[in-house]
There are 4 protein chains.
Amino acid sequence: MDGTLETRLPSLTKGVFGRLRQGASPEWEAYVGHPFVRGIADGTLRPEYFRRFLMQDYLYLLQYARVCALAIYKGDSVADMRAASATVSGLLDTELAMHLGYCSGWGLDEAALQAEPASIELLAYTGFMLDRAQAGDLLDLLAVLAACLVGYAEVGVRLADDPATVRHGNPYRSWIEMYSGPKYLGLAEAGIVRLNEMAEARGGEARFATLLRDFRTTVRLEASFWSGAMAEPPATGPAR
Amino acid sequence: MDGTLETRLPSLTKGVFGRLRQGASPEWEAYVGHPFVRGIADGTLRPEYFRRFLMQDYLYLLQYARVCALAIYKGDSVADMRAASATVSGLLDTELAMHLGYCSGWGLDEAALQAEPASIELLAYTGFMLDRAQAGDLLDLLAVLAACLVGYAEVGVRLADDPATVRHGNPYRSWIEMYSGPKYLGLAEAGIVRLNEMAEARGGEARFATLLRDFRTTVRLEASFWSGAMAEPPATGPAR
Amino acid sequence: MDGTLETRLPSLTKGVFGRLRQGASPEWEAYVGHPFVRGIADGTLRPEYFRRFLMQDYLYLLQYARVCALAIYKGDSVADMRAASATVSGLLDTELAMHLGYCSGWGLDEAALQAEPASIELLAYTGFMLDRAQAGDLLDLLAVLAACLVGYAEVGVRLADDPATVRHGNPYRSWIEMYSGPKYLGLAEAGIVRLNEMAEARGGEARFATLLRDFRTTVRLEASFWSGAMAEPPATGPAR
Amino acid sequence: MDGTLETRLPSLTKGVFGRLRQGASPEWEAYVGHPFVRGIADGTLRPEYFRRFLMQDYLYLLQYARVCALAIYKGDSVADMRAASATVSGLLDTELAMHLGYCSGWGLDEAALQAEPASIELLAYTGFMLDRAQAGDLLDLLAVLAACLVGYAEVGVRLADDPATVRHGNPYRSWIEMYSGPKYLGLAEAGIVRLNEMAEARGGEARFATLLRDFRTTVRLEASFWSGAMAEPPATGPAR
């Protein structure tokens, strides 16, 4: 395990999350080392792929917020409910606007984003998360959020710390800086800690096989999300 | 229809909400004119009844927030999701603290509130709301929130505008002022408008019989909530 | 622990269910030894109380079937789904008809049953079960079904095996025979076994405190269900 | 509109379903006239594509049964609950076994079916259905089931009635006969009638735009399901 990663994300290899990441390592490597990521690192990712990704990522944010809304509903204490509510309002009131601002820098306005049909890959990922979130308890729910939340932080740190990453003239530099910045890393670390605590409280040890099965699926769906953005011709997904 | 009420709550008799209130008028009168309300008006309500009510009302707030979390999840647009998220964070971050502050004026601290077992009447009301919210769509959900949201406003205005209401030395005066104040009335009016708009969008006319059936149940559960607080001996409800 | 009970319900004191029943023993005794049960045993229960119970019990069956439908949805394997589906179709296709037949012997036809408003006690119990079933996972769901499923078997066996139970001329004799008969005891024993297996698979040990909290609530709600049937004047519950 | 189709499926163009099918006609034609269907008609579909389809179709059946389980839970009357329960037990007790028998004729045993990872296309389709079913009411739920239920009947009738369809030596002949047979057509016709009745009862007219948006998505997901089976190389979907 890379020492730098653990310095920036101290809980990355700890607890049930550490075991999930370890248990899904082939899929995890295929995700955090995806060609999309390599294209970000050296700036060679085709801009139309990145734009396609940004449009689906906007739709993803909204569905992710719906999963977090279920976490408010499924919370067992005022503290749990407040934590989830802060995430939801953070997403809807702040991050969505930041995403829109970032997208406009790539020539995509809100109307374009809302007009974009959902891709098959987006529907597969968010449909799976929402289903596990409703059918399971708060631990199942937190487990299907982790691949996204933590994976982007690991990608950010890896790229930021890799001397081979291109800085000058790389159009994706600010994206790398966002996901390796202290604010995002703080969110990811807190997410790991919360998942590990919930696993303690709700039998994560005994339920590990099921948690791993679903976590592996989300990790594969992350990779497929990026593959979908790079597909030729563009995935012609359904209208929602 | 009382002209004063309509001045303060302009949509009270309009749209589908107006028809629900009209269709449930015997239950509605039993609710807004409940002995509990009359005891508030003249200050004769026994303080132990009011304290019992406050303790259950704290538990109610938390369950109400869970229903609103489902409204985020069930929202069909970013605007719907944001409106519901603002309600949830308002409840959990502001109103809960205000309720605690108010309760401490009645000698009830947070530990006492959290130790109080849920009454049968509380479980019946919140269980019914949560069930309708999950089994139905966003219109069903908004319809079961309305009896609480609007009814307290109507009670507030009725008491505030009634010359017979006792002001001097009435221990419930600030309670009356809260529910007849512009902030609460604004929330209630906005709730009616939103319900009426949702009814337009989601076939409220065709679904009126079902909506009325569930609305009437919530109105009766409001009255039973107050009756429970006044029961002798105190309802010995279950531990949650 | 009574040896006869364990002969008829071999798993009654075993596994997580055994610990739940033990952990909730004051509430459990208040439930299985309720005045309603004593009135059944010696035949002195007032018939109007029993009729009121039968009417609410009909509504209870329908809501219980809805919880079991969620068990199909939440099942993780074909076997789990089939088991829950068999329960649902058993309830809707067979037990409902048997209940109607039994009720008609007490002068209650289907129209009377469907016209009866839900009592506060019924709404509290079924609302709580449905909420735990949706918010939690399959283990939470099975745990809130157990008080009903197993408690009636324990009541049946206790009464059937008690020499003090009145047989001759007891209008409730067939009710006692139904719940102490091999068919019902088989269902209850299978329910315990299934709950214990699910607890093994989904971390019941680590989650025991939460499971007990919710189980205790359902046990109290069982007692309140019977108290409601015996209340004077009859509980005037909401219309649904 | 083809007269033969209406003879065999009398409600195909009637009511809200008829309007949905009409409103989504480009997507509907791409679905019922998909290359997969043409390959079935003339027997030229590559057997490995068909096997891949059969394996995903097995997983689809299980998820479809979960949506129908939610229909029991969301049903408002005993009749609604019974109808949905009959569908679920039909699927789990009869159709699953028939599907397995059919698959074994193609060299696929139950172990192979259960070992097959879910494709992205399967996850997208079933995740979308389950989400709409939980977030909406019974009308939203029935609307997302219709593309599958009715579309296969229309495909069956079209192929059975088309003189160009190859009979002799066509390995897919029994598949065509199954979906054009009176039993399946009866199910599809009943499904249309039920959807149209539910639309009457729950404001389908006012909600048409939303219903159409979701219906169109399911129709596109049907086509993508078949495209996925024909993709080269096989879609390497996630493990669940």
# chains A, B, ... in the order shown; residues from 1 in each chain; ligands from 1

$ closest_atom_pairs --of "chain C" --to "chain D" --cutoff "6 Å" --atoms "only C-alpha atoms" --output "Markdown table"
| residue | atom | partner | partner_atom | distance |
| --- | --- | --- | --- | --- |
| C:Arg66 | CA | D:Tyr73 | CA | 4.7 |
| C:Ala69 | CA | D:Ala69 | CA | 5.4 |
| C:Tyr73 | CA | D:Arg66 | CA | 4.6 |

$ residues_around --residues "Ala153 of chain C" --least-positions-apart "4" --cutoff "9 Å" --atoms "only C-alpha atoms" --output "ChimeraX atom specification"
/C:9,148-149,157-158,179-181,184-185,187-189

$ select_by_dssp --residues "segment 82-186 of chain A" --states "alpha helix (DSSP H)" --output "PyMOL selection string"
chain A and resi 82-89+96-105+110-115+120-135+138-161+173-180+182-186

$ calpha_fit_and_write --fixed "chain B" --moving "chain C" --output "PDB file with C-alpha atoms, in the first residue's frame"
ATOM      1  CA  MET C   1     -65.849  30.863   6.062  1.00  0.00           C
ATOM      2  CA  ASP C   2     -64.253  33.324   8.414  1.00  0.00           C
ATOM      3  CA  GLY C   3     -62.894  36.303   6.479  1.00  0.00           C
ATOM      4  CA  THR C   4     -60.025  36.869   8.893  1.00  0.00           C
ATOM      5  CA  LEU C   5     -58.703  33.394   8.348  1.00  0.00           C
ATOM      6  CA  GLU C   6     -58.644  33.896   4.595  1.00  0.00           C
ATOM      7  CA  THR C   7     -56.850  37.196   4.997  1.00  0.00           C
ATOM      8  CA  ARG C   8     -54.065  35.519   6.921  1.00  0.00           C
ATOM      9  CA  LEU C   9     -54.043  32.245   4.967  1.00  0.00           C
ATOM     10  CA  PRO C  10     -55.208  33.269   1.487  1.00  0.00           C
ATOM     11  CA  SER C  11     -55.236  29.767   0.012  1.00  0.00           C
ATOM     12  CA  LEU C  12     -56.960  28.080   2.962  1.00  0.00           C
ATOM     13  CA  THR C  13     -60.178  27.417   1.065  1.00  0.00           C
ATOM     14  CA  LYS C  14     -58.684  27.140  -2.413  1.00  0.00           C
ATOM     15  CA  GLY C  15     -57.817  24.253  -4.672  1.00  0.00           C
ATOM     16  CA  VAL C  16     -57.615  20.652  -3.642  1.00  0.00           C
ATOM     17  CA  PHE C  17     -56.583  21.584  -0.114  1.00  0.00           C
ATOM     18  CA  GLY C  18     -59.726  23.694   0.236  1.00  0.00           C
ATOM     19  CA  ARG C  19     -61.800  20.748  -0.884  1.00  0.00           C
ATOM     20  CA  LEU C  20     -60.040  18.362   1.477  1.00  0.00           C
ATOM     21  CA  ARG C  21     -60.622  20.679   4.433  1.00  0.00           C
ATOM     22  CA  GLN C  22     -64.259  21.059   3.372  1.00  0.00           C
ATOM     23  CA  GLY C  23     -64.729  17.324   2.793  1.00  0.00           C
ATOM     24  CA  ALA C  24     -63.363  16.536   6.244  1.00  0.00           C
ATOM     25  CA  SER C  25     -65.160  19.349   8.052  1.00  0.00           C
ATOM     26  CA  PRO C  26     -66.568  17.380  11.006  1.00  0.00           C
ATOM     27  CA  GLU C  27     -63.135  15.958  11.738  1.00  0.00           C
ATOM     28  CA  TRP C  28     -61.483  19.313  11.027  1.00  0.00           C
ATOM     29  CA  GLU C  29     -63.708  21.122  13.493  1.00  0.00           C
ATOM     30  CA  ALA C  30     -63.071  18.447  16.113  1.00  0.00           C
ATOM     31  CA  TYR C  31     -59.360  19.034  15.551  1.00  0.00           C
ATOM     32  CA  VAL C  32     -59.030  22.828  15.447  1.00  0.00           C
ATOM     33  CA  GLY C  33     -61.638  23.202  18.185  1.00  0.00           C
ATOM     34  CA  HIS C  34     -60.283  20.417  20.390  1.00  0.00           C
ATOM     35  CA  PRO C  35     -60.518  20.797  24.203  1.00  0.00           C
ATOM     36  CA  PHE C  36     -56.726  21.008  24.168  1.00  0.00           C
ATOM     37  CA  VAL C  37     -56.992  24.125  21.994  1.00  0.00           C
ATOM     38  CA  ARG C  38     -59.662  25.636  24.212  1.00  0.00           C
ATOM     39  CA  GLY C  39     -57.442  25.052  27.204  1.00  0.00           C
ATOM     40  CA  ILE C  40     -54.624  26.845  25.393  1.00  0.00           C
ATOM     41  CA  ALA C  41     -56.940  29.744  24.573  1.00  0.00           C
ATOM     42  CA  ASP C  42     -58.010  30.454  28.131  1.00  0.00           C
ATOM     43  CA  GLY C  43     -54.855  29.212  29.785  1.00  0.00           C
ATOM     44  CA  THR C  44     -56.619  26.460  31.737  1.00  0.00           C
ATOM     45  CA  LEU C  45     -54.911  23.502  30.067  1.00  0.00           C
ATOM     46  CA  ARG C  46     -53.187  21.537  32.801  1.00  0.00           C
ATOM     47  CA  PRO C  47     -49.415  22.050  32.528  1.00  0.00           C
ATOM     48  CA  GLU C  48     -48.715  18.317  32.799  1.00  0.00           C
ATOM     49  CA  TYR C  49     -50.875  17.746  29.730  1.00  0.00           C
ATOM     50  CA  PHE C  50     -48.956  20.388  27.862  1.00  0.00           C
ATOM     51  CA  ARG C  51     -45.633  18.907  28.913  1.00  0.00           C
ATOM     52  CA  ARG C  52     -46.779  15.487  27.766  1.00  0.00           C
ATOM     53  CA  PHE C  53     -47.761  17.049  24.455  1.00  0.00           C
ATOM     54  CA  LEU C  54     -44.390  18.796  24.121  1.00  0.00           C
ATOM     55  CA  MET C  55     -42.528  15.559  24.650  1.00  0.00           C
ATOM     56  CA  GLN C  56     -44.499  13.716  21.994  1.00  0.00           C
ATOM     57  CA  ASP C  57     -44.301  16.752  19.710  1.00  0.00           C
ATOM     58  CA  TYR C  58     -40.505  16.500  19.829  1.00  0.00           C
ATOM     59  CA  LEU C  59     -40.695  12.897  18.635  1.00  0.00           C
ATOM     60  CA  TYR C  60     -43.251  13.955  16.047  1.00  0.00           C
ATOM     61  CA  LEU C  61     -40.877  16.560  14.577  1.00  0.00           C
ATOM     62  CA  LEU C  62     -38.235  13.901  13.956  1.00  0.00           C
ATOM     63  CA  GLN C  63     -40.688  11.628  12.156  1.00  0.00           C
ATOM     64  CA  TYR C  64     -42.095  14.566  10.189  1.00  0.00           C
ATOM     65  CA  ALA C  65     -38.525  15.277   9.044  1.00  0.00           C
ATOM     66  CA  ARG C  66     -38.254  11.665   7.852  1.00  0.00           C
ATOM     67  CA  VAL C  67     -41.381  12.111   5.722  1.00  0.00           C
ATOM     68  CA  CYS C  68     -39.866  15.280   4.255  1.00  0.00           C
ATOM     69  CA  ALA C  69     -36.662  13.368   3.500  1.00  0.00           C
ATOM     70  CA  LEU C  70     -38.792  11.019   1.406  1.00  0.00           C
ATOM     71  CA  ALA C  71     -40.090  14.123  -0.393  1.00  0.00           C
ATOM     72  CA  ILE C  72     -36.511  14.888  -1.473  1.00  0.00           C
ATOM     73  CA  TYR C  73     -36.173  11.330  -2.733  1.00  0.00           C
ATOM     74  CA  LYS C  74     -39.542  11.437  -4.492  1.00  0.00           C
ATOM     75  CA  GLY C  75     -39.032  14.886  -6.010  1.00  0.00           C
ATOM     76  CA  ASP C  76     -39.098  14.969  -9.780  1.00  0.00           C
ATOM     77  CA  SER C  77     -37.142  18.181 -10.334  1.00  0.00           C
ATOM     78  CA  VAL C  78     -34.195  19.964  -8.782  1.00  0.00           C
ATOM     79  CA  ALA C  79     -36.609  22.617  -7.530  1.00  0.00           C
ATOM     80  CA  ASP C  80     -38.785  20.020  -5.782  1.00  0.00           C
ATOM     81  CA  MET C  81     -35.746  18.389  -4.233  1.00  0.00           C
ATOM     82  CA  ARG C  82     -34.345  21.710  -3.022  1.00  0.00           C
ATOM     83  CA  ALA C  83     -37.648  22.764  -1.488  1.00  0.00           C
ATOM     84  CA  ALA C  84     -37.906  19.517   0.459  1.00  0.00           C
ATOM     85  CA  SER C  85     -34.241  19.659   1.488  1.00  0.00           C
ATOM     86  CA  ALA C  86     -34.710  23.189   2.841  1.00  0.00           C
ATOM     87  CA  THR C  87     -37.621  21.910   4.933  1.00  0.00           C
ATOM     88  CA  VAL C  88     -35.582  19.029   6.317  1.00  0.00           C
ATOM     89  CA  SER C  89     -32.579  21.133   7.238  1.00  0.00           C
ATOM     90  CA  GLY C  90     -34.896  23.793   8.649  1.00  0.00           C
ATOM     91  CA  LEU C  91     -36.476  21.149  10.868  1.00  0.00           C
ATOM     92  CA  LEU C  92     -33.277  19.453  11.996  1.00  0.00           C
ATOM     93  CA  ASP C  93     -31.000  22.470  12.271  1.00  0.00           C
ATOM     94  CA  THR C  94     -33.365  25.220  13.458  1.00  0.00           C
ATOM     95  CA  GLU C  95     -36.806  24.108  14.572  1.00  0.00           C
ATOM     96  CA  LEU C  96     -35.551  21.234  16.679  1.00  0.00           C
ATOM     97  CA  ALA C  97     -33.298  23.621  18.589  1.00  0.00           C
ATOM     98  CA  MET C  98     -36.159  26.116  18.976  1.00  0.00           C
ATOM     99  CA  HIS C  99     -38.391  23.340  20.233  1.00  0.00           C
ATOM    100  CA  LEU C 100     -35.718  22.327  22.742  1.00  0.00           C
ATOM    101  CA  GLY C 101     -35.371  25.934  23.891  1.00  0.00           C
ATOM    102  CA  TYR C 102     -39.114  26.226  24.309  1.00  0.00           C
ATOM    103  CA  CYS C 103     -39.276  22.920  26.161  1.00  0.00           C
ATOM    104  CA  SER C 104     -36.547  23.954  28.576  1.00  0.00           C
ATOM    105  CA  GLY C 105     -38.803  26.854  29.558  1.00  0.00           C
ATOM    106  CA  TRP C 106     -41.244  24.161  30.658  1.00  0.00           C
ATOM    107  CA  GLY C 107     -38.594  22.281  32.602  1.00  0.00           C
ATOM    108  CA  LEU C 108     -37.930  19.630  29.983  1.00  0.00           C
ATOM    109  CA  ASP C 109     -34.362  19.112  28.836  1.00  0.00           C
ATOM    110  CA  GLU C 110     -33.147  17.133  25.836  1.00  0.00           C
ATOM    111  CA  ALA C 111     -32.398  14.041  27.928  1.00  0.00           C
ATOM    112  CA  ALA C 112     -35.993  13.992  29.193  1.00  0.00           C
ATOM    113  CA  LEU C 113     -37.320  14.347  25.644  1.00  0.00           C
ATOM    114  CA  GLN C 114     -35.193  11.535  24.283  1.00  0.00           C
ATOM    115  CA  ALA C 115     -36.041   9.238  27.179  1.00  0.00           C
ATOM    116  CA  GLU C 116     -39.794   9.631  26.702  1.00  0.00           C
ATOM    117  CA  PRO C 117     -41.415   6.567  25.138  1.00  0.00           C
ATOM    118  CA  ALA C 118     -43.478   7.170  22.028  1.00  0.00           C
ATOM    119  CA  SER C 119     -47.185   7.170  22.767  1.00  0.00           C
ATOM    120  CA  ILE C 120     -49.621   4.973  20.874  1.00  0.00           C
ATOM    121  CA  GLU C 121     -51.124   8.125  19.373  1.00  0.00           C
ATOM    122  CA  LEU C 122     -47.720   9.323  18.147  1.00  0.00           C
ATOM    123  CA  LEU C 123     -46.907   5.936  16.629  1.00  0.00           C
ATOM    124  CA  ALA C 124     -50.295   5.769  14.915  1.00  0.00           C
ATOM    125  CA  TYR C 125     -49.929   9.204  13.374  1.00  0.00           C
ATOM    126  CA  THR C 126     -46.313   9.019  12.261  1.00  0.00           C
ATOM    127  CA  GLY C 127     -46.610   5.377  11.167  1.00  0.00           C
ATOM    128  CA  PHE C 128     -49.557   6.303   8.985  1.00  0.00           C
ATOM    129  CA  MET C 129     -47.762   9.301   7.436  1.00  0.00           C
ATOM    130  CA  LEU C 130     -44.613   7.325   6.708  1.00  0.00           C
ATOM    131  CA  ASP C 131     -46.604   4.499   5.161  1.00  0.00           C
ATOM    132  CA  ARG C 132     -48.608   6.753   2.856  1.00  0.00           C
ATOM    133  CA  ALA C 133     -45.404   8.598   1.939  1.00  0.00           C
ATOM    134  CA  GLN C 134     -43.586   5.406   0.924  1.00  0.00           C
ATOM    135  CA  ALA C 135     -46.504   3.633  -0.709  1.00  0.00           C
ATOM    136  CA  GLY C 136     -47.731   6.630  -2.671  1.00  0.00           C
ATOM    137  CA  ASP C 137     -46.240   9.352  -4.804  1.00  0.00           C
ATOM    138  CA  LEU C 138     -45.293  12.925  -3.920  1.00  0.00           C
ATOM    139  CA  LEU C 139     -48.930  14.033  -3.972  1.00  0.00           C
ATOM    140  CA  ASP C 140     -49.970  11.357  -1.468  1.00  0.00           C
ATOM    141  CA  LEU C 141     -47.011  12.411   0.652  1.00  0.00           C
ATOM    142  CA  LEU C 142     -47.803  16.129   0.640  1.00  0.00           C
ATOM    143  CA  ALA C 143     -51.455  15.396   1.413  1.00  0.00           C
ATOM    144  CA  VAL C 144     -50.648  13.612   4.684  1.00  0.00           C
ATOM    145  CA  LEU C 145     -48.418  16.487   5.833  1.00  0.00           C
ATOM    146  CA  ALA C 146     -51.115  19.125   5.395  1.00  0.00           C
ATOM    147  CA  ALA C 147     -53.290  18.501   8.440  1.00  0.00           C
ATOM    148  CA  CYS C 148     -50.407  19.312  10.752  1.00  0.00           C
ATOM    149  CA  LEU C 149     -48.858  22.137   8.759  1.00  0.00           C
ATOM    150  CA  VAL C 150     -52.082  24.029   8.036  1.00  0.00           C
ATOM    151  CA  GLY C 151     -54.110  23.061  11.083  1.00  0.00           C
ATOM    152  CA  TYR C 152     -51.660  24.617  13.534  1.00  0.00           C
ATOM    153  CA  ALA C 153     -51.749  27.835  11.493  1.00  0.00           C
ATOM    154  CA  GLU C 154     -55.531  27.867  11.578  1.00  0.00           C
ATOM    155  CA  VAL C 155     -55.511  27.243  15.315  1.00  0.00           C
ATOM    156  CA  GLY C 156     -52.950  30.020  15.760  1.00  0.00           C
ATOM    157  CA  VAL C 157     -54.968  32.557  13.769  1.00  0.00           C
ATOM    158  CA  ARG C 158     -58.268  31.570  15.372  1.00  0.00           C
ATOM    159  CA  LEU C 159     -56.882  32.017  18.852  1.00  0.00           C
ATOM    160  CA  ALA C 160     -54.936  35.174  18.053  1.00  0.00           C
ATOM    161  CA  ASP C 161     -57.990  36.790  16.493  1.00  0.00           C
ATOM    162  CA  ASP C 162     -60.501  35.688  19.098  1.00  0.00           C
ATOM    163  CA  PRO C 163     -61.191  38.469  21.629  1.00  0.00           C
ATOM    164  CA  ALA C 164     -62.086  35.788  24.167  1.00  0.00           C
ATOM    165  CA  THR C 165     -58.539  34.431  24.127  1.00  0.00           C
ATOM    166  CA  VAL C 166     -56.823  35.190  27.430  1.00  0.00           C
ATOM    167  CA  ARG C 167     -53.577  37.147  27.029  1.00  0.00           C
ATOM    168  CA  HIS C 168     -52.544  38.292  30.469  1.00  0.00           C
ATOM    169  CA  GLY C 169     -50.978  35.566  32.504  1.00  0.00           C
ATOM    170  CA  ASN C 170     -51.702  32.889  29.913  1.00  0.00           C
ATOM    171  CA  PRO C 171     -48.743  30.482  30.011  1.00  0.00           C
ATOM    172  CA  TYR C 172     -49.514  29.453  26.424  1.00  0.00           C
ATOM    173  CA  ARG C 173     -49.423  32.971  24.996  1.00  0.00           C
ATOM    174  CA  SER C 174     -46.071  32.562  23.254  1.00  0.00           C
ATOM    175  CA  TRP C 175     -47.258  29.277  21.731  1.00  0.00           C
ATOM    176  CA  ILE C 176     -50.272  31.093  20.233  1.00  0.00           C
ATOM    177  CA  GLU C 177     -48.029  33.871  18.979  1.00  0.00           C
ATOM    178  CA  MET C 178     -45.666  31.432  17.328  1.00  0.00           C
ATOM    179  CA  TYR C 179     -48.391  29.699  15.318  1.00  0.00           C
ATOM    180  CA  SER C 180     -50.138  32.948  14.395  1.00  0.00           C
ATOM    181  CA  GLY C 181     -46.922  34.771  13.533  1.00  0.00           C
ATOM    182  CA  PRO C 182     -46.000  35.718   9.972  1.00  0.00           C
ATOM    183  CA  LYS C 183     -43.200  33.181   9.726  1.00  0.00           C
ATOM    184  CA  TYR C 184     -45.333  30.162  10.516  1.00  0.00           C
ATOM    185  CA  LEU C 185     -48.269  31.451   8.463  1.00  0.00           C
ATOM    186  CA  GLY C 186     -45.922  31.895   5.517  1.00  0.00           C
ATOM    187  CA  LEU C 187     -44.840  28.269   5.788  1.00  0.00           C
ATOM    188  CA  ALA C 188     -48.425  27.057   5.994  1.00  0.00           C
ATOM    189  CA  GLU C 189     -49.595  29.173   3.044  1.00  0.00           C
ATOM    190  CA  ALA C 190     -46.630  27.954   0.965  1.00  0.00           C
ATOM    191  CA  GLY C 191     -47.509  24.369   1.919  1.00  0.00           C
ATOM    192  CA  ILE C 192     -51.074  24.805   0.673  1.00  0.00           C
ATOM    193  CA  VAL C 193     -49.898  26.344  -2.591  1.00  0.00           C
ATOM    194  CA  ARG C 194     -47.418  23.541  -3.139  1.00  0.00           C
ATOM    195  CA  LEU C 195     -49.993  20.835  -2.430  1.00  0.00           C
ATOM    196  CA  ASN C 196     -52.447  22.475  -4.827  1.00  0.00           C
ATOM    197  CA  GLU C 197     -49.814  22.717  -7.567  1.00  0.00           C
ATOM    198  CA  MET C 198     -48.803  19.101  -7.063  1.00  0.00           C
ATOM    199  CA  ALA C 199     -52.473  18.110  -7.255  1.00  0.00           C
ATOM    200  CA  GLU C 200     -52.723  19.891 -10.609  1.00  0.00           C
ATOM    201  CA  ALA C 201     -49.652  18.094 -11.888  1.00  0.00           C
ATOM    202  CA  ARG C 202     -50.491  14.649 -10.586  1.00  0.00           C
ATOM    203  CA  GLY C 203     -54.206  14.188 -11.119  1.00  0.00           C
ATOM    204  CA  GLY C 204     -55.545  15.355  -7.765  1.00  0.00           C
ATOM    205  CA  GLU C 205     -59.030  15.746  -9.189  1.00  0.00           C
ATOM    206  CA  ALA C 206     -59.299  12.123 -10.278  1.00  0.00           C
ATOM    207  CA  ARG C 207     -57.667  10.937  -7.066  1.00  0.00           C
ATOM    208  CA  PHE C 208     -59.743  13.067  -4.736  1.00  0.00           C
ATOM    209  CA  ALA C 209     -61.578  10.237  -2.974  1.00  0.00           C
ATOM    210  CA  THR C 210     -58.331   8.534  -1.971  1.00  0.00           C
ATOM    211  CA  LEU C 211     -56.693  11.787  -0.973  1.00  0.00           C
ATOM    212  CA  LEU C 212     -59.682  12.687   1.180  1.00  0.00           C
ATOM    213  CA  ARG C 213     -59.739   9.273   2.840  1.00  0.00           C
ATOM    214  CA  ASP C 214     -56.113   9.647   3.910  1.00  0.00           C
ATOM    215  CA  PHE C 215     -56.420  13.345   4.789  1.00  0.00           C
ATOM    216  CA  ARG C 216     -59.400  12.611   7.055  1.00  0.00           C
ATOM    217  CA  THR C 217     -57.349   9.969   8.805  1.00  0.00           C
ATOM    218  CA  THR C 218     -54.552  12.434   9.518  1.00  0.00           C
ATOM    219  CA  VAL C 219     -57.047  15.006  10.811  1.00  0.00           C
ATOM    220  CA  ARG C 220     -58.485  12.435  13.213  1.00  0.00           C
ATOM    221  CA  LEU C 221     -54.980  11.456  14.236  1.00  0.00           C
ATOM    222  CA  GLU C 222     -54.254  15.112  15.081  1.00  0.00           C
ATOM    223  CA  ALA C 223     -57.239  15.158  17.432  1.00  0.00           C
ATOM    224  CA  SER C 224     -56.230  11.810  18.919  1.00  0.00           C
ATOM    225  CA  PHE C 225     -52.712  13.173  19.464  1.00  0.00           C
ATOM    226  CA  TRP C 226     -54.145  15.911  21.698  1.00  0.00           C
ATOM    227  CA  SER C 227     -56.588  13.548  23.383  1.00  0.00           C
ATOM    228  CA  GLY C 228     -53.673  11.261  24.167  1.00  0.00           C
ATOM    229  CA  ALA C 229     -51.844  14.096  25.911  1.00  0.00           C
ATOM    230  CA  MET C 230     -54.941  14.689  28.064  1.00  0.00           C
ATOM    231  CA  ALA C 231     -55.634  11.047  28.859  1.00  0.00           C
ATOM    232  CA  GLU C 232     -55.782   9.859  32.451  1.00  0.00           C
ATOM    233  CA  PRO C 233     -53.727   7.945  33.363  1.00  0.00           C
ATOM    234  CA  PRO C 234     -50.989   8.896  30.905  1.00  0.00           C
ATOM    235  CA  ALA C 235     -50.848   6.646  27.875  1.00  0.00           C
ATOM    236  CA  THR C 236     -48.140   4.089  28.567  1.00  0.00           C
ATOM    237  CA  GLY C 237     -46.966   3.694  25.020  1.00  0.00           C
ATOM    238  CA  PRO C 238     -44.189   1.559  23.608  1.00  0.00           C
ATOM    239  CA  ALA C 239     -40.566   2.429  23.988  1.00  0.00           C
ATOM    240  CA  ARG C 240     -39.990   3.856  20.578  1.00  0.00           C
TER     241      ARG C 240
END
